[in-house]
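Taking it in order: structure first as structure tokens, then the write-up.
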Amino acid sequence: MDMVSKRKSKKLVGVIGAGSFGTAVANILAENRDVLLYARNPELVEAMKTSRQNGHQSLSNRIHPTNELTEVADECEVIFPVVSSSGFRDMMSQLGPHLHPYHILIHGTKGLDFPNGQLGKKKKFDPDKIRTMSQVITDESVVVRVGCLAGPNLAKELADKQPAATVVASHFDEVIKEGQRLLRSDRFRVYGNEDLMGIELAGVLKNIIAIAAGGLSGLGFGENARALLVSRGMVEMIHLGKAMGGNVQAFVGLAGIGDLVATCSSRFSRNFTVGYRLAQGETLEEINATMEETAEGINTVRIMKRLADYYKVRAPITSTLFDILYGDLKVEEALQYLMKFPFHQDIDFL
Amino acid sequence: MGVEILNKPRNQIYEPILSGPREWPVVLLSKNRKQFVEEVIEFSFQRIKELKQSKAALIEELETTLYRERLRIKTNPWKVDPKDEKRFWDDIKTKLLKVSPEGTPNQNGSTLHDDILRSIIGRYANEITGNFRPSSYRLARTIATFGFRRLLNAARIKRFGSVFTGKLTLRDKINIVGEIDHIRALAKKGTVVMVPTHFSNLDSILIGWVIHELGLPPFIYGAGLNLFNIGIIAYFMNSLGAYKVDRRKKNLLYLETLKAYSNLAIQRGCHSLFFPGGTRSRSGALEKHLKLGLLGTAMEAQRACYARDDSDEAKKVFIVPVVINYHFVLEAPVLVNEHLRREGKERYYTEQDRFTSSYNIIKFLLKFFLKGSDISVSIGRGMDLLGNYVDDQGDSLDRDGKSIEEREYFVSGGSVTANTQREAEYTRMLSKAIVREFHKINRVFASHMVAFVAFEMLRKRYAQLDFFNFLRLPEDEIELDYEKFKDACSRVRKRILKLNRNGKVGIAPHMELELDDLIKLGINNVGMYHDKRPLLRNKQGNVVTQDLTKLYYYRNRLDGYGLEKKI
């Protein structure tokens, strides 16, 4: 069959989403393969084609920008979707009809999906409606070989070609191997993990703590305070993760503690920046108005607050952040409240 | 789904989809028995060599097998075991001693352990393979049909004389509902793997009858070797295309041989029957965790068919879930006791041989049929190996009804590849899809509902007691006020009907009866022939139980639908 020979010629790897992380991933992939980089905005695609530049990152000449989702589905067997969680389901519902069971999708989005407008107090909360990105992929397509990318991967440092590592998680060994084969290089290590849910949640939940870390910095506090937050934040992530069905192990690895340390110390992190600016006295609206890209943590706080209430999980950091972001709690007051919060044990999850 | 699909004319007859036994895959298989067994041996041999690549690992496996087999012969012998067993394993032992484990690998040494492996596999393969004979199939089928029909009629028609004039057919007693035409269509298109729930020893005979009644050619299935202990059942089994599964043998060599048999038979187009729960449900609940071993063989067979044939004509395998519903399961007391004992202290129990004589099994059948009790068999929609529904043409469909190329699930880098880990994961996904389908096509009987309501009301009343202490409550001290019971039944029924409308569960037509009648029907039928009845009404009209554990068993049928909230 000519179908088979056509498939064999699929040398391109797809990346969907030309944000800073998507572009960084595309550049890493381009070291091994030709890459098809999809952007929703046609003008951006044209600009990338002519200037070979996207934001501060220059594009490898093996990257081919495109505005056609179908082209990505037709030309690539392995696709890396890297779009924000708020646009993820929309993108998948457009891409889904063009995907086949032989496709492998490895996403790099550290957020959750929840039906719009269902976070209001009145609606009955249904925890099954919270979907991870890999679940959105299987909801919206026939693809089953799904994986995720997580770890301390600040886009700017990746773009500067600094050494780093990441985790590819999947239930399928072949997805992990494929991810490793495509991403691996002299300065980029790729670890495998079979706990897809755990790794996805680790990446998602650390954003909450990153906002809080930004808050501490914004108030002018130093390393003791940050260390306190990071370690307590870790415990909170684990409790929330367990409530959603993840395992402890994923959180103590590169995608958990590793990513947490990176994001809580870096001004390049969007989530950190949100917290920092909140502490400086800005409101959420003001921050949102000037952010170039989505800070996933803002939405995650909202969803996890409802989840924590539902499962009666103690999540003081998430709750106070919620009150700051969506209520009128001041960052200073929140800190006082957290310092008085009655914790008794340091470690109660192992 | 969930809708009453039966109500066809009472005596609808399904013509056989193949004209005669000569075309039956199972007949073709038994004609070439010798060659098939050779294939099974070769396949298993290669597989085990792959799994145990070093000589040391293989020898260790052989030694483990030898040890376990000798232990089994000593501690758990069955009547059906061949006489030369001990001699065979003694011989293996002698041969194994000649294999030098760490000495330099010489030409003779390295072939010797392969020979041993081959001879053990050969023995297993011959033991597993059934002996299908079309002539005795026809005879057995006639006896079964005749017997079923007469005995069931006796249950309906009180006067014994009318047994032989019976106007009612078996169908009146056994409701076959669901996707009947669909499964017939699929059996013509490809290979059907039927996966029923398992509650009673009656299931395999019942399913055998259903398969014949629907005009399908005989299916092969792995019947527990213990059933072959009983002369009369052994006769039926042998003639219905059964192969033998010995659950005492849990060694790698045996399991791989068994899987090779199933895999290759499916590849040859033999419709197959697995009870994916492994054994009968101990708790009375629908199976939640399936055994992946045999399901995995269907997966491998499907991939092999795609790998062999890259045209659109590649043989397809269809998974068809089936749920059997009873008001009454004769073995309930034994089963639920085993369940509770296991819950207490998990794990190690020995597979025991409970039905030891033809006399016992006949007594069991007579009691069941003479006394009569409705049975329903719901046939679910066919699925591909990934759990996608298929249409009558056998094409896989996605959630929006768009057709999917199933082959592509097995493709990487442009061609079909064998990938054990991938297939294991697919099998896990398939088992989840089957469990979901079980819950959808399960048919709620009045008896299940009353058992559920009564048990949950009592459990709530004694919520402070630990579960096992609760079950030990003295039965004569507890009763439920009828009006309150009725209220709860009303709420639960409402919920069940709603689930039914949403396609989440099936119901028997009687579920729409007037509530008092429905409750009466339920109480009269739930576990009706047990010495101690799960539910009764006392002189005051209140609801009482004579046996909480049996009540628990029948209650479990409705586990997993979230009905507890309605109590």
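Following the order of the structure tokens, first chain is A, next is B, and so on, with residues numbered from 1 inside each chain and ligands from 1 in the order they appear.
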I need the chain B residues near chain A as a PyMOL selection string; criterion: at most 6 Å, counting only C-alpha atoms.
chain B and resi 408-409+411+414+422
Using only C-alpha atoms, determine which residues lie at most 7 Å from Glu287 of chain B, disregarding the query and same-chain residues fewer than 2 positions distant; provide the list as a PyMOL selection string.
chain B and resi 197+277+281+285+289-290+435
Output of the above residues as a PDB file, in the first residue's frame, restricted to C-alpha atoms:
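File produced: again21.pdb:
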ATOM      1  CA  THR B 197     -19.423 -12.462  33.782  1.00  0.00           C
ATOM      2  CA  GLY B 277     -12.881 -12.568  35.859  1.00  0.00           C
ATOM      3  CA  SER B 281     -17.350 -13.885  41.417  1.00  0.00           C
ATOM      4  CA  ALA B 285     -20.534  -8.249  42.514  1.00  0.00           C
ATOM      5  CA  HIS B 289     -10.651  -6.486  37.926  1.00  0.00           C
ATOM      6  CA  LEU B 290     -10.159  -8.826  35.039  1.00  0.00           C
ATOM      7  CA  VAL B 435     -15.865  -3.713  33.008  1.00  0.00           C
TER       8      VAL B 435
END
Selection: 9 Å around Ile183 of chain B, only C-alpha atoms, excl. self and same-chain fewer than 3 positions, as a ChimeraX atom specification:
/B:179-180,186-188,192,214,216,320,379-382,392
Write to file, as a short mmCIF file (atom, residue, chain, number, x, y, z; two decimals), in the first residue's frame, the residues of the selection just made, with C-alpha atoms.
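Saved file out-v1.cif follows:
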data_model
loop_
_atom_site.label_atom_id
_atom_site.label_comp_id
_atom_site.auth_asym_id
_atom_site.auth_seq_id
_atom_site.Cartn_x
_atom_site.Cartn_y
_atom_site.Cartn_z
CA GLU B 179 -27.15 -7.21 20.48
CA ILE B 180 -28.14 -10.59 19.08
CA LEU B 186 -19.69 -10.17 13.70
CA ALA B 187 -19.24 -13.93 13.82
CA LYS B 188 -19.49 -13.93 10.04
CA VAL B 192 -15.63 -13.39 18.20
CA LEU B 214 -28.21 -17.97 18.42
CA LEU B 216 -23.39 -19.50 16.11
CA VAL B 320 -18.29 -9.23 23.04
CA ILE B 379 -25.26 -9.60 24.93
CA GLY B 380 -23.26 -6.39 24.74
CA ARG B 381 -22.04 -4.55 21.71
CA GLY B 382 -18.90 -5.80 20.05
CA ASP B 392 -22.22 -4.67 12.05
#
Run DSSP on the backbone and grab whatever in segment 74-218 of chain A lands in strand (DSSP E or B); send it over as a ChimeraX atom specification.
/A:76-81,104-107,112-113,131-132,145-150,164-170,185,188-193
Which residue of B:Arg123, B:Arg443, B:Lys52, B:Arg22 approaches Glu85 of chain B most closely, using only C-alpha atoms
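So, comparing all the options, the nearest one is B:Arg123.
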Please identify all polymer residues within 12 Å of segment 335-341 of chain A, counting only C-alpha atoms, omitting same-chain residues fewer than 2 positions from it, and present them as a VMD selection string.
chain A and resid 212 to 213 215 to 216 219 221 225 228 to 229 232 to 233 279 314 to 321 323 to 324 329 to 333 343 to 344
